[in-house]
Structure formats: structure tokens, C-alpha cells
file target_24.txt (compact mmCIF, C-alpha atoms)
# COMPACT_ATOMS: atom_id res chain seq x y z
CA MET A 1 0.00 0.00 0.00
CA THR A 2 1.39 3.40 -0.93
CA MET A 3 1.67 6.23 1.58
CA SER A 4 -0.81 8.37 -0.37
CA ASP A 5 -3.42 5.63 -0.14
CA LYS A 6 -2.77 5.21 3.58
CA SER A 7 -3.20 8.94 4.15
CA ALA A 8 -6.46 8.89 2.23
CA MET A 9 -7.70 5.96 4.34
CA MET A 10 -6.90 7.77 7.56
CA SER A 11 -8.84 10.82 6.44
CA GLY A 12 -11.78 8.69 5.32
CA GLN A 13 -11.48 9.78 1.69
CA LEU A 14 -10.46 6.56 -0.04
CA GLN A 15 -13.12 5.38 -2.48
CA ALA A 16 -13.55 4.06 -6.01
CA ASP A 17 -16.25 3.23 -8.51
CA LEU A 18 -15.41 -0.44 -7.95
CA VAL A 19 -13.82 -1.97 -4.88
CA ILE A 20 -12.68 -5.59 -5.05
CA VAL A 21 -12.03 -7.47 -1.81
CA GLY A 22 -9.56 -10.29 -2.38
CA GLY A 23 -6.38 -10.49 -4.45
CA GLY A 24 -6.47 -14.14 -5.47
CA ILE A 25 -7.02 -15.43 -8.99
CA MET A 26 -10.64 -14.22 -9.07
CA GLY A 27 -9.96 -10.74 -7.74
CA LEU A 28 -6.89 -10.16 -9.91
CA TRP A 29 -8.68 -11.14 -13.12
CA ALA A 30 -11.61 -8.92 -12.11
CA ALA A 31 -9.27 -5.97 -11.51
CA LEU A 32 -7.59 -6.45 -14.88
CA LYS A 33 -10.92 -6.81 -16.68
CA ALA A 34 -12.21 -3.69 -14.89
CA GLU A 35 -9.10 -1.76 -15.96
CA ARG A 36 -9.73 -2.75 -19.57
CA ARG A 37 -13.28 -1.40 -19.24
CA GLY A 38 -11.99 1.91 -17.90
CA ILE A 39 -13.34 1.45 -14.35
CA ASP A 40 -11.59 3.22 -11.45
CA THR A 41 -10.83 0.33 -9.09
CA ILE A 42 -9.35 -0.42 -5.68
CA LEU A 43 -8.22 -3.99 -4.96
CA ILE A 44 -7.87 -4.87 -1.27
CA ASP A 45 -6.16 -7.94 0.17
CA GLY A 46 -5.76 -8.78 3.84
CA GLU A 47 -2.25 -10.13 3.28
CA ARG A 48 -0.68 -10.00 -0.19
CA THR A 49 -2.02 -10.89 -3.60
CA GLY A 50 -2.05 -14.64 -4.16
CA SER A 51 -1.38 -15.47 -0.51
CA GLY A 52 -4.39 -17.76 -0.14
CA ALA A 53 -5.45 -20.84 -2.08
CA SER A 54 -4.46 -19.16 -5.34
CA GLY A 55 -0.82 -19.33 -4.27
CA GLY A 56 -0.77 -23.12 -4.27
CA LEU A 57 1.30 -25.53 -6.34
CA LEU A 58 -0.85 -27.70 -8.58
CA GLY A 59 -2.09 -25.68 -11.58
CA ALA A 60 -3.89 -28.54 -13.38
CA LEU A 61 -6.32 -27.35 -16.08
CA MET A 62 -8.64 -30.25 -16.78
CA ALA A 63 -12.04 -30.32 -18.47
CA HIS A 64 -15.11 -32.17 -17.28
CA MET A 65 -15.76 -35.50 -18.97
CA PRO A 66 -17.06 -35.00 -22.53
CA ASP A 67 -20.28 -36.96 -21.90
CA ARG A 68 -23.75 -35.64 -20.93
CA TRP A 69 -22.98 -32.17 -22.27
CA ASN A 70 -24.61 -29.22 -20.51
CA GLU A 71 -24.17 -25.48 -20.03
CA LYS A 72 -21.66 -25.92 -17.20
CA LYS A 73 -19.43 -28.11 -19.34
CA GLN A 74 -19.77 -25.65 -22.19
CA LEU A 75 -18.72 -22.80 -19.90
CA GLN A 76 -15.65 -24.70 -18.77
CA PHE A 77 -14.81 -25.63 -22.38
CA ASP A 78 -15.02 -21.97 -23.38
CA GLY A 79 -12.88 -21.00 -20.40
CA LEU A 80 -10.12 -23.50 -21.07
CA VAL A 81 -9.98 -22.51 -24.74
CA SER A 82 -10.00 -18.75 -24.17
CA LEU A 83 -7.52 -18.93 -21.29
CA GLU A 84 -4.80 -19.78 -23.79
CA VAL A 85 -5.39 -16.47 -25.57
CA GLU A 86 -5.74 -14.50 -22.33
CA ILE A 87 -2.44 -15.79 -20.97
CA ALA A 88 -0.62 -15.16 -24.25
CA GLY A 89 -1.77 -11.54 -24.12
CA LEU A 90 -0.79 -11.19 -20.47
CA GLU A 91 2.67 -12.61 -21.12
CA SER A 92 3.13 -10.25 -24.05
CA GLU A 93 2.14 -7.24 -21.94
CA THR A 94 4.36 -8.10 -18.98
CA GLY A 95 7.24 -10.09 -20.45
CA LEU A 96 6.62 -12.74 -17.77
CA SER A 97 5.88 -16.43 -18.22
CA ALA A 98 2.79 -17.89 -16.57
CA GLY A 99 4.09 -21.42 -17.02
CA TYR A 100 1.17 -22.29 -19.31
CA ARG A 101 1.18 -25.30 -21.62
CA ARG A 102 -1.57 -27.41 -23.18
CA CYS A 103 0.36 -30.51 -22.18
CA GLY A 104 -2.47 -33.03 -22.28
CA ARG A 105 -3.31 -35.66 -19.70
CA LEU A 106 -2.88 -39.43 -19.29
CA ILE A 107 -5.47 -41.37 -17.32
CA PRO A 108 -4.58 -45.01 -16.56
CA LEU A 109 -7.32 -47.62 -16.88
CA PRO A 110 -6.43 -50.13 -14.15
CA LYS A 111 -9.56 -52.33 -14.56
CA PRO A 112 -11.06 -53.87 -17.73
CA HIS A 113 -14.57 -52.47 -17.11
CA LEU A 114 -13.18 -48.93 -17.43
CA ARG A 115 -12.15 -49.35 -21.05
CA PRO A 116 -15.61 -49.39 -22.72
CA ILE A 117 -16.55 -46.34 -20.66
CA ALA A 118 -13.43 -44.54 -21.87
CA GLU A 119 -14.13 -45.57 -25.47
CA ARG A 120 -17.63 -44.15 -25.22
CA HIS A 121 -16.17 -40.89 -23.93
CA SER A 122 -13.88 -40.86 -26.95
CA GLN A 123 -16.89 -40.83 -29.26
CA GLU A 124 -18.55 -38.09 -27.21
CA ALA A 125 -15.41 -35.95 -27.29
CA GLY A 126 -15.51 -36.24 -31.08
CA THR A 127 -18.71 -34.18 -30.93
CA ASN A 128 -18.50 -32.04 -27.80
CA TRP A 129 -14.80 -31.17 -27.96
CA ARG A 130 -15.01 -30.14 -31.61
CA GLN A 131 -16.09 -26.51 -31.58
CA ARG A 132 -15.22 -23.14 -33.08
CA GLY A 133 -12.40 -24.47 -35.18
CA ARG A 134 -10.78 -26.34 -32.29
CA VAL A 135 -10.64 -30.12 -31.96
CA PHE A 136 -9.40 -31.92 -28.84
CA ASP A 137 -9.06 -35.66 -28.57
CA TRP A 138 -9.93 -38.20 -25.91
CA THR A 139 -8.20 -41.31 -27.22
CA VAL A 140 -7.87 -44.77 -25.69
CA ILE A 141 -4.35 -46.10 -26.24
CA GLU A 142 -2.61 -49.34 -25.29
CA GLU A 143 0.49 -47.89 -23.68
CA SER A 144 2.05 -44.52 -22.87
CA PRO A 145 4.35 -42.91 -25.46
CA TRP A 146 6.53 -41.93 -22.47
CA ALA A 147 8.23 -44.92 -20.86
CA GLY A 148 7.28 -45.29 -17.20
CA TRP A 149 4.91 -42.30 -17.32
CA PRO A 150 2.78 -43.75 -15.86
CA SER A 151 3.85 -47.19 -14.63
CA ARG A 152 2.39 -49.97 -16.77
CA SER A 153 1.19 -51.70 -13.61
CA PHE A 154 -1.68 -49.18 -13.48
CA CYS A 155 -2.66 -49.66 -17.13
CA GLU A 156 -4.13 -53.17 -17.33
CA ALA A 157 -6.84 -51.95 -19.73
CA GLY A 158 -4.74 -49.28 -21.42
CA LEU A 159 -5.02 -45.58 -20.75
CA VAL A 160 -6.65 -42.42 -22.03
CA HIS A 161 -4.82 -39.59 -23.73
CA ASP A 162 -6.76 -36.35 -23.21
CA GLY A 163 -5.39 -33.68 -25.54
CA PHE A 164 -7.47 -30.87 -24.02
CA ALA A 165 -5.88 -30.67 -20.56
CA GLY A 166 -3.16 -28.22 -19.67
CA ARG A 167 -1.28 -26.70 -16.80
CA VAL A 168 -0.27 -23.30 -15.50
CA SER A 169 2.00 -22.21 -12.68
CA PRO A 170 -0.38 -20.69 -10.11
CA ARG A 171 2.23 -18.37 -8.65
CA ALA A 172 3.62 -17.32 -12.01
CA LEU A 173 0.14 -16.44 -13.28
CA ILE A 174 -0.57 -14.47 -10.10
CA ALA A 175 2.72 -12.61 -10.54
CA ALA A 176 1.95 -11.78 -14.17
CA LEU A 177 -1.51 -10.46 -13.29
CA ARG A 178 -0.08 -8.34 -10.48
CA ALA A 179 2.68 -6.99 -12.76
CA ARG A 180 0.09 -6.04 -15.36
CA LEU A 181 -1.93 -4.11 -12.76
CA GLU A 182 1.20 -2.22 -11.75
CA GLN A 183 1.32 -0.80 -15.29
CA THR A 184 -1.88 1.20 -14.77
CA ALA A 185 -2.90 4.03 -12.47
CA ARG A 186 -6.56 3.06 -12.78
CA VAL A 187 -6.22 0.17 -10.30
CA ARG A 188 -4.85 0.76 -6.81
CA VAL A 189 -3.74 -2.36 -4.93
CA LEU A 190 -3.85 -2.25 -1.12
CA GLU A 191 -2.14 -5.17 0.63
CA GLY A 192 -2.17 -5.96 4.34
CA VAL A 193 -5.59 -4.31 4.68
CA THR A 194 -8.24 -6.41 6.44
CA VAL A 195 -11.93 -5.77 5.77
CA GLN A 196 -14.06 -6.19 8.88
CA SER A 197 -17.57 -5.54 7.61
CA ILE A 198 -19.75 -4.19 4.82
CA ASP A 199 -22.15 -1.29 5.33
CA ALA A 200 -24.47 -1.84 2.37
CA GLY A 201 -26.53 1.30 2.92
CA ALA A 202 -23.59 3.66 3.27
CA ARG A 203 -21.59 1.85 0.57
CA ARG A 204 -18.55 1.64 2.79
CA LEU A 205 -16.20 -1.04 4.05
CA THR A 206 -14.99 -0.89 7.64
CA LEU A 207 -11.35 -1.92 7.96
CA ALA A 208 -9.54 -3.51 10.90
CA ASP A 209 -7.75 -0.27 11.77
CA GLY A 210 -11.05 1.60 12.06
CA SER A 211 -10.80 3.42 8.75
CA SER A 212 -13.14 2.86 5.84
CA VAL A 213 -13.26 2.65 2.06
CA GLY A 214 -16.20 3.85 -0.01
CA PHE A 215 -17.46 2.09 -3.12
CA GLY A 216 -19.90 2.56 -5.94
CA ASN A 217 -20.01 -1.19 -6.49
CA LEU A 218 -18.40 -3.88 -4.36
CA LEU A 219 -17.07 -7.20 -5.64
CA VAL A 220 -16.25 -9.73 -2.91
CA ALA A 221 -13.65 -12.17 -4.25
CA ALA A 222 -11.83 -13.08 -1.04
CA GLY A 223 -11.98 -16.86 -1.36
CA VAL A 224 -12.92 -18.51 1.94
CA GLY A 225 -12.97 -15.05 3.55
CA SER A 226 -15.84 -14.03 1.26
CA PHE A 227 -18.41 -16.14 3.06
CA PRO A 228 -18.43 -14.48 6.52
CA LEU A 229 -18.51 -11.04 4.89
CA LEU A 230 -21.46 -11.92 2.66
CA ASP A 231 -23.32 -13.99 5.27
CA THR A 232 -24.23 -10.80 7.15
CA LEU A 233 -26.16 -9.19 4.28
CA GLY A 234 -29.92 -9.69 4.31
CA PRO A 235 -31.93 -12.06 6.52
CA GLU A 236 -30.19 -14.60 8.74
CA LEU A 237 -29.31 -17.80 6.91
CA ALA A 238 -29.80 -21.39 8.06
CA LYS A 239 -26.17 -22.15 7.32
CA PRO A 240 -23.13 -20.32 5.91
CA LEU A 241 -22.86 -19.43 2.24
CA GLY A 242 -19.74 -21.53 1.96
CA ARG A 243 -16.76 -23.05 3.69
CA GLY A 244 -13.15 -23.96 3.18
CA VAL A 245 -12.01 -27.36 1.98
CA LYS A 246 -8.44 -28.11 2.98
CA GLY A 247 -6.01 -29.18 0.30
CA GLN A 248 -2.45 -30.44 0.70
CA ALA A 249 0.11 -30.57 -2.11
CA ALA A 250 3.84 -30.97 -2.65
CA LEU A 251 6.46 -29.80 -5.13
CA LEU A 252 9.17 -32.24 -6.21
CA LYS A 253 12.41 -31.55 -8.07
CA VAL A 254 13.41 -33.91 -10.88
CA ASP A 255 14.83 -33.59 -14.39
CA LEU A 256 12.14 -34.55 -16.92
CA VAL A 257 11.55 -33.92 -20.61
CA ASP A 258 9.56 -30.77 -21.37
CA ASP A 259 6.57 -32.32 -23.13
CA LEU A 260 5.24 -34.68 -20.46
CA PRO A 261 1.46 -34.66 -19.97
CA LEU A 262 0.00 -34.48 -16.49
CA LEU A 263 -1.19 -37.71 -14.85
CA TYR A 264 -4.53 -38.22 -13.18
CA LEU A 265 -5.85 -41.24 -11.28
CA ASP A 266 -8.65 -41.38 -8.71
CA GLY A 267 -8.16 -37.84 -7.43
CA LEU A 268 -4.35 -37.92 -7.59
CA TYR A 269 -2.77 -35.23 -9.79
CA VAL A 270 0.85 -35.32 -10.97
CA VAL A 271 1.61 -32.10 -12.84
CA PRO A 272 4.98 -31.43 -14.53
CA HIS A 273 6.03 -27.78 -14.50
CA GLU A 274 8.87 -25.75 -15.95
CA GLY A 275 12.28 -25.85 -14.34
CA GLY A 276 12.27 -29.56 -13.52
CA HIS A 277 9.45 -29.37 -10.98
CA VAL A 278 6.48 -31.69 -10.52
CA ALA A 279 3.47 -30.79 -8.38
CA ILE A 280 1.63 -33.54 -6.49
CA GLY A 281 -1.87 -33.04 -5.13
CA SER A 282 -4.26 -32.74 -3.70
CA THR A 283 -6.24 -33.81 -0.72
CA SER A 284 -9.84 -32.65 -0.22
CA GLU A 285 -10.47 -32.49 3.51
CA ASN A 286 -13.78 -31.39 4.99
CA GLN A 287 -12.62 -32.06 8.56
CA PHE A 288 -9.25 -30.88 9.84
CA SER A 289 -7.63 -29.41 12.94
CA ASN A 290 -5.12 -27.10 11.26
CA ALA A 291 -5.89 -25.65 7.83
CA PHE A 292 -2.32 -24.69 7.01
CA SER A 293 -0.22 -27.63 8.18
CA THR A 294 0.74 -30.75 6.22
CA ASP A 295 0.63 -34.26 7.64
CA GLY A 296 0.49 -37.94 6.86
CA LEU A 297 -2.24 -37.46 4.26
CA LEU A 298 0.26 -35.63 2.09
CA ASP A 299 2.92 -38.26 2.78
CA ALA A 300 0.50 -40.91 1.49
CA LEU A 301 -0.25 -38.83 -1.61
CA ILE A 302 3.45 -38.45 -2.42
CA ALA A 303 3.94 -42.19 -1.99
CA GLU A 304 1.06 -42.89 -4.39
CA ALA A 305 2.56 -40.49 -6.93
CA ARG A 306 5.94 -42.24 -6.74
CA GLN A 307 4.21 -45.56 -7.46
CA LEU A 308 2.23 -44.10 -10.34
CA ALA A 309 5.35 -42.48 -11.84
CA PRO A 310 8.50 -44.40 -10.79
CA VAL A 311 10.74 -41.64 -12.19
CA LEU A 312 9.68 -39.66 -9.10
CA GLU A 313 10.89 -42.34 -6.68
CA THR A 314 14.03 -40.44 -5.66
CA ALA A 315 12.81 -36.93 -6.46
CA ALA A 316 13.40 -34.48 -3.61
CA VAL A 317 10.41 -32.79 -2.00
CA VAL A 318 11.24 -29.08 -2.11
CA GLU A 319 7.97 -27.71 -0.73
CA ARG A 320 4.92 -28.93 1.18
CA TRP A 321 1.80 -26.76 1.02
CA ALA A 322 -1.62 -26.66 2.69
CA GLY A 323 -4.46 -24.19 2.35
CA LEU A 324 -8.21 -23.67 2.17
CA ARG A 325 -10.11 -23.62 -1.12
CA PRO A 326 -13.51 -21.87 -1.15
CA LYS A 327 -16.51 -24.13 -1.72
CA ALA A 328 -19.86 -22.34 -1.98
CA VAL A 329 -22.90 -23.85 -0.33
CA ASP A 330 -24.24 -25.42 -3.54
CA ARG A 331 -20.80 -26.34 -4.94
CA ASP A 332 -20.81 -24.21 -8.13
CA PRO A 333 -18.98 -20.87 -8.03
CA MET A 334 -21.00 -18.00 -6.58
CA VAL A 335 -21.16 -14.97 -8.87
CA GLY A 336 -23.34 -11.90 -9.33
CA PRO A 337 -25.38 -9.38 -7.37
CA HIS A 338 -27.03 -9.81 -3.99
CA PRO A 339 -30.80 -9.80 -4.64
CA GLU A 340 -31.40 -7.12 -1.98
CA HIS A 341 -28.23 -5.09 -2.51
CA GLY A 342 -27.66 -4.80 -6.23
CA HIS A 343 -24.39 -2.88 -5.78
CA ILE A 344 -22.77 -5.76 -3.85
CA HIS A 345 -21.56 -8.71 -5.92
CA ALA A 346 -19.94 -12.08 -5.25
CA LEU A 347 -17.08 -13.69 -7.16
CA THR A 348 -15.98 -16.70 -5.16
CA GLY A 349 -16.43 -20.40 -4.51
CA GLY A 350 -14.41 -21.73 -7.43
CA TYR A 351 -13.02 -24.63 -5.35
CA LYS A 352 -11.22 -26.79 -7.97
CA VAL A 353 -12.05 -24.94 -11.20
CA SER A 354 -10.98 -21.36 -10.47
CA PHE A 355 -7.84 -21.15 -12.59
CA GLY A 356 -9.60 -22.44 -15.70
CA ILE A 357 -12.61 -20.11 -15.66
CA ALA A 358 -11.77 -17.16 -13.36
CA HIS A 359 -11.28 -14.84 -16.35
CA LEU A 360 -14.75 -15.70 -17.68
CA LEU A 361 -16.40 -15.35 -14.26
CA ALA A 362 -14.73 -11.95 -13.82
CA ASP A 363 -16.20 -10.74 -17.11
CA ALA A 364 -19.60 -12.12 -16.12
CA ALA A 365 -19.49 -10.31 -12.77
CA LEU A 366 -18.55 -7.04 -14.45
CA ASP A 367 -21.35 -7.50 -16.99
CA ALA A 368 -23.78 -7.85 -14.09
CA ILE A 369 -22.34 -4.73 -12.44
CA ALA A 370 -22.96 -2.91 -15.72
CA GLY A 371 -26.63 -3.88 -15.48
CA ARG A 372 -26.67 -6.77 -17.92
CA ALA A 373 -28.10 -10.19 -17.17
CA LEU A 374 -25.62 -12.60 -15.59
CA PRO A 375 -24.39 -14.76 -18.52
CA LEU A 376 -23.93 -17.88 -16.41
CA PRO A 377 -25.92 -20.95 -15.37
CA ASP A 378 -28.57 -20.11 -12.77
CA SER A 379 -26.83 -22.35 -10.23
CA PHE A 380 -23.85 -19.96 -10.25
CA SER A 381 -25.87 -16.93 -9.15
CA PHE A 382 -25.54 -15.30 -5.75
CA ALA A 383 -29.33 -15.45 -5.43
CA HIS A 384 -29.35 -19.22 -5.96
CA HIS A 385 -26.74 -19.83 -3.28
CA LEU A 386 -28.59 -17.56 -0.86
CA SER A 387 -31.75 -19.59 -1.42
CA VAL A 388 -29.91 -22.84 -0.74
CA ALA A 389 -28.26 -21.45 2.41
CA ALA A 390 -31.61 -20.20 3.68
CA HIS A 391 -33.65 -23.37 3.19
CA ARG A 392 -31.65 -26.57 2.72
CA VAL A 393 -30.99 -28.96 5.59
CA ALA A 394 -27.39 -28.86 6.74
CA ASP A 395 -25.08 -31.46 5.20
CA GLU A 396 -21.54 -32.01 3.91
CA GLY A 397 -19.97 -30.63 7.07
CA TYR A 398 -21.95 -27.37 7.23
CA ALA A 399 -23.24 -26.45 10.67
CA GLU A 400 -26.69 -24.92 10.98
CA ARG A 401 -26.90 -21.63 12.79
CA PRO A 402 -28.67 -21.77 16.18
call {"tool": "encode", "arguments": {"input": "target_24.txt", "output": "C-alpha cells"}}
result
Amino acid sequence: MTMSDKSAMMSGQLQADLVIVGGGIMGLWAALKAERRGIDTILIDGERTGSGASGGLLGALMAHMPDRWNEKKQLQFDGLVSLEVEIAGLESETGLSAGYRRCGRLIPLPKPHLRPIAERHSQEAGTNWRQRGRVFDWTVIEESPWAGWPSRSFCEAGLVHDGFAGRVSPRALIAALRARLEQTARVRVLEGVTVQSIDAGARRLTLADGSSVGFGNLLVAAGVGSFPLLDTLGPELAKPLGRGVKGQAALLKVDLVDDLPLLYLDGLYVVPHEGGHVAIGSTSENQFSNAFSTDGLLDALIAEARQLAPVLETAAVVERWAGLRPKAVDRDPMVGPHPEHGHIHALTGGYKVSFGIAHLLADAALDAIAGRALPLPDSFSFAHHLSVAAHRVADEGYAERP
């Protein structure tokens, strides 16, 4: 935070047409998209940009299965295709690499009954993954073109090559977005500034130090921290609008060829990155005692990865990571205006899909702020999640309010 911004905060004068709370992948894309629309913006983060779940290790960009096509799968398809162009533009503007590559994915088929299912998906991909001049394959093959990647012991019925999947370095993409924002005076970034509450009527945020920030429109994109801020708007809810799901991941160092696809098997991700690094992840923990510590669950995941890819057997673990990913009350991301406070908008709850579609969700949120209809499935809307939180019986680890 610059001294001029701090002085303005102390005098109660800091305000902007758009204030974004949260400097993770959602908030940063929203700030960049707002800058491109010519909107005077303040981006606030309680710590530093990318310090939450967005600063993790994995960076897998994987599509939903190509079967039973629907509007959610179409949205993700559009996001994963357009992200390639978005990142290329960002890298050109900043001179920084985001570590992006459409590397593809290999999925072992360890049991014979999985093969006909995979072959059916191959036919469906021939239709649903063939759009707008782009064609991506889902092909059943007998063995991997890369020896030992994965181990043949997991491929009794062959394996799938998915040519649509990709990867990005989460931290490198965050750094590129932040660098791009530093090129403009239209977006002010305030780090180490904690938002305590929202005064919807006065259009002001109260900060932890007692100062405040005024807004014309507010976009809450603070990951897990979004939910307690938004829970307080409107009538009391039966349960929170969302919660954090703990994930643990690791980064290994090993010399590998540059063109390896990522591996996926039963929730285990093995993602090769630039510089001889491989990310392993991730757990999905609804119950935990410490959100930011790693434990035996990660040890087990690393051991599974070494079995799946024997080339990792002696690879050194250079980082262990744990954090909370935001899961909205009805699972889909939560985007758009509050039904009672049209100047307050949500952009959160991406859970496992944020990096692939955050740029599209940011545009959708800004369209809604501009008064246009939210161009997303109804289940993504803030209003939908509010309805679920108000009426549905508690489950999946949510605690009802007394």
C-alpha cells in the first residue's frame, strides 16, 4: 500500500467506482478486466495478492468428462480454450511467463470395465470437444508414449490420452496479473488491509484499523474469507454461504523432458512444470484441525505419486503446502449481485475450477455490475446460493446456525 493511499484511508477519503475485496485469482482477473473497461478500481487484500489458495502448487487445467454435455461443461470448455489467448496476451504485456502449456493428460485404466466407458467418452469428445475451429481428442491407447509415465502396472486396460488438458503455474500467473496491474494508475492495490464488515446502505467497508473505504459497487472475491462477509447481508441464513475445503500438495524436483502430460488417477494429480518441478496433489479435507499444516495425508499422496510415476521415486520434495479452497454452499462458483443489494456482488467459490474459468467469471461479474443479465448458469448466481443457504438442511460438514 502506498503512503498516499494510507493517508487517504486515515482521512476517510479513499473510495472508487469499484472496490474488489480479495487479491487471489478471481480478484486479480476482475481488476484487470475492470481496468480494460476503464473502471476506477481499488483492490484490497488482507495479506498480499495470491497469498491464499491461489498461491498453491498444482495448476492442473482439466475439463469435465465430454459426456452428458450441458451449459456448465460448455462454460468450462469456453474458459479453457479462451484462457490460452488470455495468458498469451498477459505474457506479451508483462514479459513474464505464466508457465502455461496445453500438455495433455494421461489417465490409466487399471480395470477392464473402465475401457468401454473410456471408449464411449472418446466418441462423445468427437462431438462435444469439436467446436469453433478447435478439436481436442480423448483417445484410448494401449500404452504410454513416455516410458514409465505412468507405470504400466496401473494400465491393465490401457489408458486415455486427453489432448485438451493443460497446466499453468499458479504463482507465475498471479505474478503476471499483479505486474500487469502495476502498469496502470486506474487500479490501486492495497495489501495488508483487512476488511471487517460491509455497510451496504452507506456503501462503505470498515477496515480492521477503524478506517473505511467507499465504493460505488463492491465485488467480494476473497476466497474462503468471502463467506463471513457476505453472510451478514440480508436475513439470517440457516447455514453459511460456503466453507473452506483443505487441500495439501507438494512440489518435487526432478529432471524430466519438457513435453510430459499431467497424470490423473482417482483424485491424484501429478503435474509437470517448468524448471524440472512436478506438483503432487491434492487432498480434499472437509474435517481438519489445522488448515495450514501438512501431515500424513500428504505423505501418502506423495507415496502414491511415486508408485504411479516411478521416475519420481528419488525426487526431492522441495515444498509442502496446505491451504483452504472456497466451496460455496451449492458447490458451483458464486457470482453476481445480492438480490437485496444490487451494488454488492460475489465472485468466489471456485473450489477446484478457479484457474480455468476465473477470467470468464470476472467478465460475467462485471457485466452484471454494468446492469446486464448474468451470462452464467442459474446455479452460479448469488441469489441461488442464498436460497440454498436459507432453506436446505445442513449437510456435507456445514453447521446450521442456532
call {"tool": "closest_atom_pairs", "arguments": {"input": "target_24.txt", "of": "stretch 138-166 of chain A", "to": "stretch 239-261 of chain A", "cutoff": "10 Å", "atoms": "all atoms listed in the file", "output": "JSON lines"}}
result
{"residue": "A:Pro145", "atom": "CA", "partner": "A:Leu260", "partner_atom": "CA", "distance": 9.7}
{"residue": "A:Trp146", "atom": "CA", "partner": "A:Leu260", "partner_atom": "CA", "distance": 7.6}
{"residue": "A:Trp149", "atom": "CA", "partner": "A:Leu260", "partner_atom": "CA", "distance": 8.2}
{"residue": "A:His161", "atom": "CA", "partner": "A:Pro261", "partner_atom": "CA", "distance": 8.8}
{"residue": "A:Asp162", "atom": "CA", "partner": "A:Pro261", "partner_atom": "CA", "distance": 9.0}
{"residue": "A:Gly163", "atom": "CA", "partner": "A:Pro261", "partner_atom": "CA", "distance": 8.9}
{"residue": "A:Ala165", "atom": "CA", "partner": "A:Pro261", "partner_atom": "CA", "distance": 8.4}
{"residue": "A:Gly166", "atom": "CA", "partner": "A:Pro261", "partner_atom": "CA", "distance": 7.9}
call {"tool": "axis_aligned_box", "arguments": {"input": "target_24.txt", "around": "stretch 261-271 of chain A", "padding_each_side": "4 Å", "output": "AutoDock Vina command-line options"}}
result
--center_x -3.5 --center_y -36.7 --center_z -13.7 --size_x 18.3 --size_y 17.3 --size_z 20.5
call {"tool": "closest_residue", "arguments": {"input": "target_24.txt", "among": "A:Val353, A:Leu301, A:Leu262, A:Ala370", "to": "A:Arg37", "atoms": "only C-alpha atoms"}}
result
A:Ala370
call {"tool": "residues_near_point", "arguments": {"input": "target_24.txt", "point": "(-11.4, -24.7, -5.1)", "cutoff": "12 Å", "atoms": "all atoms listed in the file", "output": "short mmCIF file (atom, residue, chain, number, x, y, z; two decimals) with C-alpha atoms, in the frame of the given file"}}
result
data_model
loop_
_atom_site.label_atom_id
_atom_site.label_comp_id
_atom_site.auth_asym_id
_atom_site.auth_seq_id
_atom_site.Cartn_x
_atom_site.Cartn_y
_atom_site.Cartn_z
CA GLY A 24 -6.47 -14.14 -5.47
CA ILE A 25 -7.02 -15.43 -8.99
CA MET A 26 -10.64 -14.22 -9.07
CA GLY A 52 -4.39 -17.76 -0.14
CA ALA A 53 -5.45 -20.84 -2.08
CA SER A 54 -4.46 -19.16 -5.34
CA GLY A 55 -0.82 -19.33 -4.27
CA GLY A 56 -0.77 -23.12 -4.27
CA LEU A 58 -0.85 -27.70 -8.58
CA GLY A 59 -2.09 -25.68 -11.58
CA ALA A 60 -3.89 -28.54 -13.38
CA GLY A 223 -11.98 -16.86 -1.36
CA VAL A 224 -12.92 -18.51 1.94
CA GLY A 242 -19.74 -21.53 1.96
CA ARG A 243 -16.76 -23.05 3.69
CA GLY A 244 -13.15 -23.96 3.18
CA VAL A 245 -12.01 -27.36 1.98
CA LYS A 246 -8.44 -28.11 2.98
CA GLY A 247 -6.01 -29.18 0.30
CA SER A 282 -4.26 -32.74 -3.70
CA THR A 283 -6.24 -33.81 -0.72
CA SER A 284 -9.84 -32.65 -0.22
CA GLU A 285 -10.47 -32.49 3.51
CA GLY A 323 -4.46 -24.19 2.35
CA LEU A 324 -8.21 -23.67 2.17
CA ARG A 325 -10.11 -23.62 -1.12
CA PRO A 326 -13.51 -21.87 -1.15
CA LYS A 327 -16.51 -24.13 -1.72
CA ALA A 328 -19.86 -22.34 -1.98
CA ARG A 331 -20.80 -26.34 -4.94
CA ASP A 332 -20.81 -24.21 -8.13
CA PRO A 333 -18.98 -20.87 -8.03
CA MET A 334 -21.00 -18.00 -6.58
CA THR A 348 -15.98 -16.70 -5.16
CA GLY A 349 -16.43 -20.40 -4.51
CA GLY A 350 -14.41 -21.73 -7.43
CA TYR A 351 -13.02 -24.63 -5.35
CA LYS A 352 -11.22 -26.79 -7.97
CA VAL A 353 -12.05 -24.94 -11.20
CA SER A 354 -10.98 -21.36 -10.47
CA PHE A 355 -7.84 -21.15 -12.59
CA GLY A 356 -9.60 -22.44 -15.70
CA ILE A 357 -12.61 -20.11 -15.66
CA ALA A 358 -11.77 -17.16 -13.36
#
call {"tool": "atom_distance", "arguments": {"input": "target_24.txt", "atom1": "atom CA of A:Glu35", "atom2": "atom CA of A:Leu233"}}
result
27.5 Å
call {"tool": "atom_distance", "arguments": {"input": "target_24.txt", "atom1": "atom CA of A:Ala364", "atom2": "atom CA of A:Gly336"}}
result
7.8 Å
call {"tool": "atom_distance", "arguments": {"input": "target_24.txt", "atom1": "atom CA of A:Gly210", "atom2": "atom CA of A:Gly225"}}
result
18.8 Å
call {"tool": "residues_around", "arguments": {"input": "target_24.txt", "residues": "A:Ile302", "least_positions_apart": "6", "cutoff": "12 Å", "atoms": "all atoms listed in the file", "output": "PyMOL selection string"}}
result
chain A and resi 248-252+268-270+278-283+294-296+308-310+312-317+319-320
call {"tool": "closest_residue", "arguments": {"input": "target_24.txt", "among": "A:His359, A:Arg36, A:Arg68, A:Arg306", "to": "A:Thr127", "atoms": "only C-alpha atoms"}}
result
A:Arg68
call {"tool": "residues_around", "arguments": {"input": "target_24.txt", "residues": "stretch 87-100 of chain A", "least_positions_apart": "3", "cutoff": "7 Å", "atoms": "all atoms listed in the file", "output": "PyMOL selection string"}}
result
chain A and resi 83-84+167-169+172-173+176+179-180+274
call {"tool": "residues_around", "arguments": {"input": "target_24.txt", "residues": "stretch 197-204 of chain A", "least_positions_apart": "5", "cutoff": "7 Å", "atoms": "all atoms listed in the file", "output": "VMD selection string"}}
result
chain A and resid 212 to 216 229 341
call {"tool": "closest_residue", "arguments": {"input": "target_24.txt", "among": "A:Ala118, A:Leu57, A:Val160, A:Cys103", "to": "A:Ile174", "atoms": "only C-alpha atoms"}}
result
A:Leu57
call {"tool": "closest_residue", "arguments": {"input": "target_24.txt", "among": "A:His391, A:His384, A:Arg105, A:His64", "to": "A:Ala125", "atoms": "only C-alpha atoms"}}
result
A:His64
call {"tool": "closest_residue", "arguments": {"input": "target_24.txt", "among": "A:Gly342, A:Gly79, A:Gly192, A:Gly148", "to": "A:Gly22", "atoms": "all atoms listed in the file"}}
result
A:Gly192
call {"tool": "residues_around", "arguments": {"input": "target_24.txt", "residues": "A:Leu360", "least_positions_apart": "5", "cutoff": "9 Å", "atoms": "only C-alpha atoms", "output": "MDAnalysis selection string"}}
result
chainID A and resid 29 75 78:79 82:83 365
call {"tool": "closest_residue", "arguments": {"input": "target_24.txt", "among": "A:Arg188, A:His343, A:Arg115, A:Arg171", "to": "A:Ala31", "atoms": "all atoms listed in the file"}}
result
A:Arg188
